[in-house]
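Pasted below: model17.txt, compact mmCIF, N, CA and C atoms.
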# COMPACT_ATOMS: atom_id res chain seq x y z
N MET M 4 -13.24 -8.93 -8.84
CA MET M 4 -13.63 -8.57 -7.49
C MET M 4 -12.57 -7.66 -6.89
N SER M 5 -12.90 -7.11 -5.78
CA SER M 5 -11.99 -6.20 -5.11
C SER M 5 -12.02 -6.49 -3.61
N PHE M 6 -11.32 -5.67 -2.87
CA PHE M 6 -11.31 -5.81 -1.42
C PHE M 6 -12.66 -5.43 -0.84
N THR M 7 -13.05 -6.11 0.23
CA THR M 7 -14.28 -5.78 0.93
C THR M 7 -14.03 -4.52 1.77
N ASP M 8 -15.11 -3.93 2.26
CA ASP M 8 -14.97 -2.77 3.15
C ASP M 8 -14.15 -3.14 4.38
N GLN M 9 -14.37 -4.33 4.91
CA GLN M 9 -13.63 -4.78 6.09
C GLN M 9 -12.13 -4.92 5.78
N GLU M 10 -11.80 -5.46 4.60
CA GLU M 10 -10.39 -5.60 4.20
C GLU M 10 -9.75 -4.23 3.99
N ILE M 11 -10.48 -3.31 3.39
CA ILE M 11 -9.96 -1.96 3.18
C ILE M 11 -9.71 -1.28 4.51
N ALA M 12 -10.64 -1.41 5.45
CA ALA M 12 -10.44 -0.82 6.78
C ALA M 12 -9.21 -1.42 7.45
N TYR M 13 -9.00 -2.72 7.31
CA TYR M 13 -7.83 -3.36 7.90
C TYR M 13 -6.54 -2.85 7.24
N LEU M 14 -6.54 -2.78 5.91
CA LEU M 14 -5.36 -2.25 5.20
C LEU M 14 -5.01 -0.84 5.69
N ARG M 15 -6.01 -0.03 5.90
CA ARG M 15 -5.78 1.36 6.30
C ARG M 15 -5.46 1.50 7.79
N SER M 16 -5.70 0.45 8.57
CA SER M 16 -5.43 0.53 10.00
C SER M 16 -4.03 0.07 10.37
N GLN M 17 -3.35 -0.59 9.46
CA GLN M 17 -2.05 -1.18 9.76
C GLN M 17 -0.93 -0.37 9.09
N PRO M 18 0.11 -0.01 9.82
CA PRO M 18 1.18 0.80 9.24
C PRO M 18 2.32 0.00 8.60
N LEU M 19 2.33 -1.32 8.81
CA LEU M 19 3.49 -2.11 8.42
C LEU M 19 3.07 -3.38 7.69
N ALA M 20 3.82 -3.70 6.65
CA ALA M 20 3.62 -4.95 5.90
C ALA M 20 4.98 -5.61 5.73
N ARG M 21 4.95 -6.84 5.28
CA ARG M 21 6.18 -7.52 4.89
C ARG M 21 6.02 -7.85 3.42
N ILE M 22 7.05 -7.55 2.64
CA ILE M 22 7.00 -7.79 1.20
C ILE M 22 8.10 -8.77 0.83
N ALA M 23 7.73 -9.71 -0.04
CA ALA M 23 8.69 -10.67 -0.57
C ALA M 23 8.87 -10.42 -2.06
N THR M 24 10.13 -10.33 -2.46
CA THR M 24 10.49 -10.23 -3.87
C THR M 24 11.47 -11.37 -4.14
N VAL M 25 11.83 -11.56 -5.41
CA VAL M 25 12.73 -12.64 -5.78
C VAL M 25 13.87 -12.08 -6.63
N ALA M 26 15.10 -12.44 -6.25
CA ALA M 26 16.29 -12.01 -7.00
C ALA M 26 16.43 -12.84 -8.28
N ALA M 27 17.28 -12.37 -9.17
CA ALA M 27 17.49 -13.03 -10.46
C ALA M 27 17.88 -14.50 -10.30
N GLY M 28 18.64 -14.84 -9.28
CA GLY M 28 19.06 -16.22 -9.05
C GLY M 28 18.02 -17.07 -8.37
N GLY M 29 16.84 -16.50 -8.06
CA GLY M 29 15.77 -17.25 -7.45
C GLY M 29 15.68 -17.12 -5.94
N GLN M 30 16.61 -16.38 -5.33
CA GLN M 30 16.59 -16.23 -3.88
C GLN M 30 15.46 -15.30 -3.45
N PRO M 31 14.51 -15.80 -2.64
CA PRO M 31 13.47 -14.92 -2.11
C PRO M 31 14.07 -13.96 -1.08
N ASP M 32 13.49 -12.79 -0.97
CA ASP M 32 13.92 -11.80 0.00
C ASP M 32 12.66 -11.18 0.61
N VAL M 33 12.60 -11.12 1.92
CA VAL M 33 11.44 -10.54 2.58
C VAL M 33 11.92 -9.45 3.53
N VAL M 34 11.17 -8.36 3.59
CA VAL M 34 11.54 -7.23 4.42
C VAL M 34 10.28 -6.49 4.87
N ALA M 35 10.34 -5.92 6.05
CA ALA M 35 9.22 -5.11 6.55
C ALA M 35 9.23 -3.75 5.85
N VAL M 36 8.05 -3.25 5.51
CA VAL M 36 7.93 -1.97 4.81
C VAL M 36 6.70 -1.21 5.29
N GLY M 37 6.78 0.10 5.19
CA GLY M 37 5.60 0.93 5.30
C GLY M 37 4.93 0.93 3.94
N TYR M 38 3.65 1.14 3.91
CA TYR M 38 2.93 1.12 2.64
C TYR M 38 1.75 2.07 2.70
N GLU M 39 1.22 2.35 1.53
CA GLU M 39 -0.01 3.13 1.39
C GLU M 39 -0.96 2.34 0.51
N PHE M 40 -2.24 2.57 0.69
CA PHE M 40 -3.27 1.91 -0.12
C PHE M 40 -4.22 2.98 -0.63
N ASP M 41 -4.41 3.03 -1.95
CA ASP M 41 -5.26 4.07 -2.53
C ASP M 41 -6.66 3.58 -2.91
N GLY M 42 -6.99 2.38 -2.50
CA GLY M 42 -8.28 1.81 -2.85
C GLY M 42 -8.16 0.77 -3.95
N THR M 43 -7.06 0.81 -4.70
CA THR M 43 -6.81 -0.15 -5.77
C THR M 43 -5.40 -0.74 -5.66
N HIS M 44 -4.41 0.13 -5.54
CA HIS M 44 -3.00 -0.28 -5.51
C HIS M 44 -2.39 -0.05 -4.14
N LEU M 45 -1.32 -0.78 -3.87
CA LEU M 45 -0.49 -0.53 -2.70
C LEU M 45 0.80 0.10 -3.18
N TYR M 46 1.33 1.04 -2.42
CA TYR M 46 2.58 1.73 -2.77
C TYR M 46 3.59 1.52 -1.66
N VAL M 47 4.79 1.13 -2.05
CA VAL M 47 5.90 0.95 -1.12
C VAL M 47 6.99 1.92 -1.56
N GLY M 48 7.44 2.73 -0.62
CA GLY M 48 8.50 3.69 -0.91
C GLY M 48 9.57 3.59 0.15
N GLY M 49 10.16 4.71 0.47
CA GLY M 49 11.17 4.73 1.50
C GLY M 49 12.13 5.88 1.29
N LEU M 50 13.16 5.88 2.10
CA LEU M 50 14.22 6.88 1.96
C LEU M 50 15.28 6.29 1.05
N ASP M 51 15.33 6.76 -0.18
CA ASP M 51 16.24 6.26 -1.21
C ASP M 51 16.00 4.78 -1.51
N PRO M 52 14.76 4.41 -1.82
CA PRO M 52 14.42 2.99 -1.99
C PRO M 52 15.05 2.34 -3.21
N VAL M 53 15.47 3.12 -4.21
CA VAL M 53 16.03 2.50 -5.42
C VAL M 53 17.32 1.75 -5.14
N LYS M 54 17.92 1.97 -3.98
CA LYS M 54 19.14 1.25 -3.61
C LYS M 54 18.84 -0.06 -2.88
N THR M 55 17.57 -0.35 -2.64
CA THR M 55 17.22 -1.54 -1.86
C THR M 55 17.11 -2.78 -2.76
N ARG M 56 17.29 -3.92 -2.14
CA ARG M 56 17.20 -5.19 -2.86
C ARG M 56 15.81 -5.37 -3.48
N LYS M 57 14.75 -5.00 -2.76
CA LYS M 57 13.40 -5.20 -3.29
C LYS M 57 13.18 -4.40 -4.57
N PHE M 58 13.69 -3.18 -4.60
CA PHE M 58 13.54 -2.37 -5.82
C PHE M 58 14.43 -2.91 -6.94
N ARG M 59 15.64 -3.34 -6.61
CA ARG M 59 16.52 -3.92 -7.64
C ARG M 59 15.90 -5.18 -8.24
N ASN M 60 15.27 -6.00 -7.40
CA ASN M 60 14.63 -7.22 -7.90
C ASN M 60 13.52 -6.90 -8.90
N VAL M 61 12.68 -5.93 -8.58
CA VAL M 61 11.59 -5.54 -9.49
C VAL M 61 12.16 -4.89 -10.75
N ARG M 62 13.15 -4.00 -10.58
CA ARG M 62 13.76 -3.34 -11.74
C ARG M 62 14.39 -4.36 -12.69
N ALA M 63 14.88 -5.49 -12.15
CA ALA M 63 15.49 -6.54 -12.97
C ALA M 63 14.45 -7.40 -13.69
N GLY M 64 13.17 -7.11 -13.47
CA GLY M 64 12.13 -7.84 -14.18
C GLY M 64 11.39 -8.88 -13.37
N ASN M 65 11.76 -9.05 -12.11
CA ASN M 65 11.05 -9.99 -11.24
C ASN M 65 9.91 -9.25 -10.55
N THR M 66 8.81 -9.12 -11.25
CA THR M 66 7.72 -8.24 -10.81
C THR M 66 6.65 -8.93 -9.98
N THR M 67 6.77 -10.23 -9.78
CA THR M 67 5.82 -10.95 -8.95
C THR M 67 6.23 -10.77 -7.49
N VAL M 68 5.28 -10.29 -6.67
CA VAL M 68 5.58 -10.03 -5.26
C VAL M 68 4.48 -10.63 -4.38
N ALA M 69 4.80 -10.74 -3.10
CA ALA M 69 3.82 -11.16 -2.10
C ALA M 69 3.95 -10.23 -0.91
N LEU M 70 2.82 -9.86 -0.33
CA LEU M 70 2.81 -9.04 0.88
C LEU M 70 1.94 -9.72 1.92
N ILE M 71 2.27 -9.47 3.17
CA ILE M 71 1.38 -9.86 4.25
C ILE M 71 1.29 -8.70 5.22
N ILE M 72 0.07 -8.37 5.55
CA ILE M 72 -0.22 -7.38 6.58
C ILE M 72 -0.88 -8.19 7.69
N ASP M 73 -0.30 -8.18 8.88
CA ASP M 73 -0.84 -9.03 9.93
C ASP M 73 -0.66 -8.39 11.29
N ASP M 74 -1.42 -8.89 12.24
CA ASP M 74 -1.24 -8.49 13.63
C ASP M 74 -1.77 -9.60 14.52
N LEU M 75 -1.49 -9.48 15.79
CA LEU M 75 -1.91 -10.45 16.78
C LEU M 75 -2.64 -9.68 17.87
N LEU M 76 -3.96 -9.79 17.88
CA LEU M 76 -4.76 -9.03 18.85
C LEU M 76 -4.53 -9.50 20.27
N SER M 77 -4.27 -10.80 20.43
CA SER M 77 -4.08 -11.36 21.76
C SER M 77 -3.30 -12.66 21.65
N THR M 78 -2.50 -12.96 22.67
CA THR M 78 -1.87 -14.27 22.72
C THR M 78 -2.65 -15.23 23.60
N GLU M 79 -3.52 -14.70 24.44
CA GLU M 79 -4.34 -15.52 25.34
C GLU M 79 -5.73 -14.91 25.43
N PRO M 80 -6.68 -15.31 24.64
CA PRO M 80 -6.61 -16.41 23.69
C PRO M 80 -5.91 -15.98 22.39
N TRP M 81 -5.38 -16.94 21.68
CA TRP M 81 -4.65 -16.70 20.44
C TRP M 81 -5.60 -16.09 19.42
N THR M 82 -5.27 -14.87 18.95
CA THR M 82 -6.18 -14.15 18.04
C THR M 82 -5.39 -13.47 16.92
N PRO M 83 -4.90 -14.26 15.95
CA PRO M 83 -4.20 -13.66 14.82
C PRO M 83 -5.19 -13.23 13.74
N ARG M 84 -4.74 -12.31 12.91
CA ARG M 84 -5.51 -11.94 11.72
C ARG M 84 -4.51 -11.45 10.68
N TYR M 85 -4.90 -11.58 9.40
CA TYR M 85 -3.99 -11.14 8.34
C TYR M 85 -4.71 -10.92 7.03
N LEU M 86 -4.01 -10.21 6.16
CA LEU M 86 -4.40 -10.06 4.77
C LEU M 86 -3.14 -10.33 3.96
N ARG M 87 -3.16 -11.40 3.18
CA ARG M 87 -2.03 -11.79 2.34
C ARG M 87 -2.37 -11.43 0.90
N ILE M 88 -1.43 -10.84 0.19
CA ILE M 88 -1.68 -10.35 -1.17
C ILE M 88 -0.57 -10.82 -2.10
N TYR M 89 -0.96 -11.44 -3.21
CA TYR M 89 -0.04 -11.70 -4.31
C TYR M 89 -0.32 -10.62 -5.35
N GLY M 90 0.74 -10.16 -6.01
CA GLY M 90 0.52 -9.12 -6.99
C GLY M 90 1.67 -8.93 -7.94
N SER M 91 1.50 -7.94 -8.77
CA SER M 91 2.49 -7.55 -9.76
C SER M 91 2.98 -6.14 -9.43
N ALA M 92 4.30 -5.96 -9.45
CA ALA M 92 4.88 -4.68 -9.05
C ALA M 92 5.51 -3.97 -10.24
N GLU M 93 5.46 -2.66 -10.17
CA GLU M 93 6.16 -1.81 -11.14
C GLU M 93 6.72 -0.62 -10.38
N LEU M 94 7.78 -0.05 -10.91
CA LEU M 94 8.38 1.13 -10.30
C LEU M 94 7.91 2.35 -11.06
N LEU M 95 7.53 3.39 -10.33
CA LEU M 95 7.08 4.62 -10.97
C LEU M 95 7.30 5.80 -10.03
N GLU M 96 7.20 6.99 -10.59
CA GLU M 96 7.32 8.21 -9.78
C GLU M 96 5.96 8.47 -9.15
N HIS M 97 5.99 8.84 -7.86
CA HIS M 97 4.75 8.98 -7.09
C HIS M 97 5.02 9.96 -5.96
N GLU M 98 4.00 10.67 -5.55
CA GLU M 98 4.06 11.52 -4.37
C GLU M 98 3.36 10.76 -3.26
N GLY M 99 4.13 10.26 -2.30
CA GLY M 99 3.55 9.42 -1.27
C GLY M 99 4.00 9.81 0.13
N GLN M 100 3.86 8.89 1.05
CA GLN M 100 4.15 9.17 2.45
C GLN M 100 5.60 9.53 2.71
N PHE M 101 6.49 9.18 1.81
CA PHE M 101 7.90 9.53 1.94
C PHE M 101 8.27 10.70 1.04
N GLY M 102 7.27 11.41 0.53
CA GLY M 102 7.50 12.54 -0.36
C GLY M 102 7.55 12.08 -1.80
N PRO M 103 7.97 12.97 -2.71
CA PRO M 103 8.05 12.57 -4.11
C PRO M 103 9.25 11.66 -4.33
N GLY M 104 9.09 10.72 -5.26
CA GLY M 104 10.20 9.83 -5.57
C GLY M 104 9.72 8.58 -6.26
N THR M 105 10.61 7.61 -6.34
CA THR M 105 10.29 6.34 -6.95
C THR M 105 9.63 5.44 -5.92
N TYR M 106 8.50 4.88 -6.31
CA TYR M 106 7.75 3.96 -5.46
C TYR M 106 7.50 2.68 -6.23
N MET M 107 7.25 1.62 -5.49
CA MET M 107 6.80 0.38 -6.07
C MET M 107 5.27 0.38 -5.97
N ARG M 108 4.61 0.28 -7.11
CA ARG M 108 3.16 0.19 -7.12
C ARG M 108 2.79 -1.27 -7.34
N ILE M 109 1.99 -1.80 -6.44
CA ILE M 109 1.61 -3.20 -6.48
C ILE M 109 0.13 -3.31 -6.85
N THR M 110 -0.12 -4.06 -7.90
CA THR M 110 -1.48 -4.35 -8.34
C THR M 110 -1.83 -5.74 -7.83
N PRO M 111 -2.79 -5.85 -6.91
CA PRO M 111 -3.16 -7.17 -6.38
C PRO M 111 -3.74 -8.07 -7.46
N THR M 112 -3.36 -9.36 -7.41
CA THR M 112 -3.95 -10.36 -8.31
C THR M 112 -4.81 -11.35 -7.53
N ILE M 113 -4.32 -11.78 -6.36
CA ILE M 113 -5.08 -12.68 -5.48
C ILE M 113 -4.83 -12.22 -4.05
N SER M 114 -5.85 -12.29 -3.21
CA SER M 114 -5.65 -11.99 -1.80
C SER M 114 -6.43 -12.98 -0.94
N TRP M 115 -5.94 -13.13 0.28
CA TRP M 115 -6.58 -13.97 1.28
C TRP M 115 -6.66 -13.16 2.55
N SER M 116 -7.84 -13.09 3.14
CA SER M 116 -7.96 -12.45 4.45
C SER M 116 -8.37 -13.52 5.45
N PHE M 117 -7.89 -13.35 6.66
CA PHE M 117 -8.15 -14.33 7.70
C PHE M 117 -8.49 -13.63 9.00
N ASN M 118 -9.65 -13.92 9.54
CA ASN M 118 -10.06 -13.52 10.87
C ASN M 118 -10.00 -12.01 11.11
N LEU M 119 -10.36 -11.24 10.12
CA LEU M 119 -10.33 -9.79 10.32
C LEU M 119 -11.33 -9.34 11.38
N GLU M 120 -12.30 -10.21 11.71
CA GLU M 120 -13.25 -9.91 12.78
C GLU M 120 -12.57 -9.93 14.15
N GLY M 121 -11.41 -10.61 14.24
CA GLY M 121 -10.68 -10.68 15.50
C GLY M 121 -11.23 -11.68 16.49
N ARG M 122 -11.76 -12.79 16.01
CA ARG M 122 -12.27 -13.83 16.90
C ARG M 122 -11.12 -14.71 17.40
N PRO M 123 -11.16 -15.15 18.65
CA PRO M 123 -10.13 -16.07 19.14
C PRO M 123 -10.06 -17.31 18.25
N PHE M 124 -8.85 -17.75 17.99
CA PHE M 124 -8.62 -18.86 17.07
C PHE M 124 -8.40 -20.16 17.82
N ALA M 125 -9.06 -21.19 17.38
CA ALA M 125 -8.85 -22.54 17.89
C ALA M 125 -9.23 -23.50 16.78
N HIS M 126 -8.56 -24.63 16.71
CA HIS M 126 -8.92 -25.64 15.71
C HIS M 126 -10.37 -26.04 15.91
N GLY M 127 -11.09 -26.11 14.82
CA GLY M 127 -12.49 -26.46 14.89
C GLY M 127 -13.42 -25.28 15.11
N ASN M 128 -12.87 -24.09 15.31
CA ASN M 128 -13.71 -22.90 15.49
C ASN M 128 -14.22 -22.47 14.12
N GLN M 129 -15.45 -22.77 13.84
CA GLN M 129 -16.04 -22.47 12.54
C GLN M 129 -16.40 -21.00 12.38
N GLU M 130 -16.28 -20.22 13.45
CA GLU M 130 -16.63 -18.80 13.38
C GLU M 130 -15.47 -17.93 12.91
N VAL M 131 -14.28 -18.50 12.80
CA VAL M 131 -13.14 -17.74 12.29
C VAL M 131 -13.22 -17.79 10.77
N ASN M 132 -13.31 -16.63 10.15
CA ASN M 132 -13.55 -16.55 8.71
C ASN M 132 -12.29 -16.28 7.92
N SER M 133 -12.21 -16.93 6.75
CA SER M 133 -11.17 -16.60 5.78
C SER M 133 -11.85 -16.40 4.44
N ARG M 134 -11.19 -15.62 3.59
CA ARG M 134 -11.78 -15.26 2.30
C ARG M 134 -10.68 -15.18 1.26
N ARG M 135 -10.89 -15.77 0.09
CA ARG M 135 -9.96 -15.69 -1.04
C ARG M 135 -10.63 -14.86 -2.13
N THR M 136 -9.86 -13.94 -2.70
CA THR M 136 -10.38 -13.06 -3.75
C THR M 136 -9.42 -13.05 -4.93
N VAL M 137 -9.95 -13.21 -6.12
CA VAL M 137 -9.18 -13.01 -7.35
C VAL M 137 -9.50 -11.59 -7.81
N HIS M 138 -8.48 -10.77 -7.91
CA HIS M 138 -8.66 -9.37 -8.30
C HIS M 138 -8.52 -9.26 -9.82
N HIS M 139 -9.41 -8.52 -10.41
CA HIS M 139 -9.35 -8.28 -11.85
C HIS M 139 -8.59 -6.99 -12.09
N ALA M 140 -7.77 -7.00 -13.11
CA ALA M 140 -6.99 -5.81 -13.46
C ALA M 140 -7.93 -4.64 -13.71
N VAL M 141 -7.54 -3.50 -13.17
CA VAL M 141 -8.32 -2.28 -13.36
C VAL M 141 -7.69 -1.52 -14.52
N ALA M 142 -8.48 -1.16 -15.52
CA ALA M 142 -7.96 -0.39 -16.65
C ALA M 142 -7.50 0.97 -16.16
N GLU M 143 -6.32 1.37 -16.58
CA GLU M 143 -5.79 2.68 -16.21
C GLU M 143 -6.60 3.77 -16.91
N GLN M 144 -6.82 4.86 -16.21
CA GLN M 144 -7.55 5.97 -16.81
C GLN M 144 -6.75 6.52 -17.98
N GLY M 145 -7.43 6.74 -19.06
CA GLY M 145 -6.79 7.30 -20.24
C GLY M 145 -6.13 6.26 -21.11
N ALA M 146 -6.20 4.99 -20.71
CA ALA M 146 -5.57 3.93 -21.52
C ALA M 146 -6.52 3.44 -22.57

Could I get this file's structure written as structure tokens?
Amino acid sequence: MSFTDQEIAYLRSQPLARIATVAAGGQPDVVAVGYEFDGTHLYVGGLDPVKTRKFRNVRAGNTTVALIIDDLLSTEPWTPRYLRIYGSAELLEHEGQFGPGTYMRITPTISWSFNLEGRPFAHGNQEVNSRRTVHHAVAEQGA
């Protein structure tokens, strides 16, 4: 399965995500990042990103990552929404929002979306929707 049209629209509407990687000693690290979505993969880059902890963690072989893209439409009434993604990361050369350079390409494995409709949240509100998706690996072109 893949992302729904609603999830894709949400991914493309948000400029910021938080990504969690894990260091060799097991210490989780989370940081806010800009990202791009091409319909299949997410790309995280930056200004000289290879010097960052998140890139060092992936380069060291810890390729399992988690991202969350979220926002809060209102605090009164409480109206959160999010898309949480577990995935596998690799470093590669890419031309992206930060220009040419090394980027982290994330292939989603599982995702959860919550309340992308933007309905006010309250316990017992059955109209607030969540969705879990298992993503199947997409064969690379030419492979």

Give the alpha helix (DSSP H) residues of segment 5-146 of chain M, as DSSP finds them on the backbone, and put them as a ChimeraX atom specification. /M:8-16,56-62

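Atom CA of Phe117 of chain M to atom CA of Leu19 of chain M spans 16.9 Å [interatomic distance, one decimal].
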
Would you list, as a ChimeraX atom specification, the residues of segment 9-139 of chain M that end up in strand (DSSP E or B) under DSSP run on this structure's backbone? /M:19-25,31-37,39-40,45-47,67-78,81-99,102-117,133-137

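The coordinates place atom CA of Gly99 of chain M at 23.3 Å from atom CA of Ser114 of chain M.
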
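The spacing separating atom CA of Leu70 of chain M from atom C of Asn118 of chain M amounts to 16.7 Å.
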
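Closest to Asp74 of chain M among M:Gln9, M:Asn60, M:Thr136, M:Ser16 is M:Ser16, based on only C-alpha atoms.
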
Measuring atom to atom with only C-alpha atoms, identify which of M:Ser116, M:Thr105, M:Thr43, M:Ser5 is nearest to Val131 of chain M. M:Ser116

Select, from M:His97, M:Lys57, M:Arg62, M:His139, the residue with the minimum atom-to-atom distance to Thr24 of chain M, counting only N, CA and C atoms.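 Distance minimum relative to Thr24 of chain M lands on M:Lys57.
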
Here is a test: counting all atoms listed in the file, which residue of M:Pro83, M:Pro111, M:Gly102, M:Gly64 is nearest to Gly49 of chain M?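 Of all the options, M:Gly102 lies closest to Gly49 of chain M.
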
Excluding Asp32 of chain M and any residue of its chain fewer than 6 positions from it, enumerate the residues within 6.5 Å of it, using all atoms listed in the file, and give them as a list in words.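 Surrounding residues, per the criterion: Ile22, Ala23, Thr24, Val25 and Ala26 of chain M.
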
Nearest-residue call for Ala69 of chain M, choices M:Pro103, M:Gly121, M:Gly90, M:Pro52, using all atoms listed in the file: M:Gly90

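Distances from M:Ile113, M:Ala27, M:Ala12, M:Val61 to Glu93 of chain M were compared using only N, CA and C atoms, and the smallest one belongs to M:Val61.
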
For a quick check of your reading of the model, name the residues lying within 5 Å of the coordinate (4.2, -9.2, 7.3), counting all atoms listed in the file, and write them as number ranges by chain. M: 20-21, 71-73
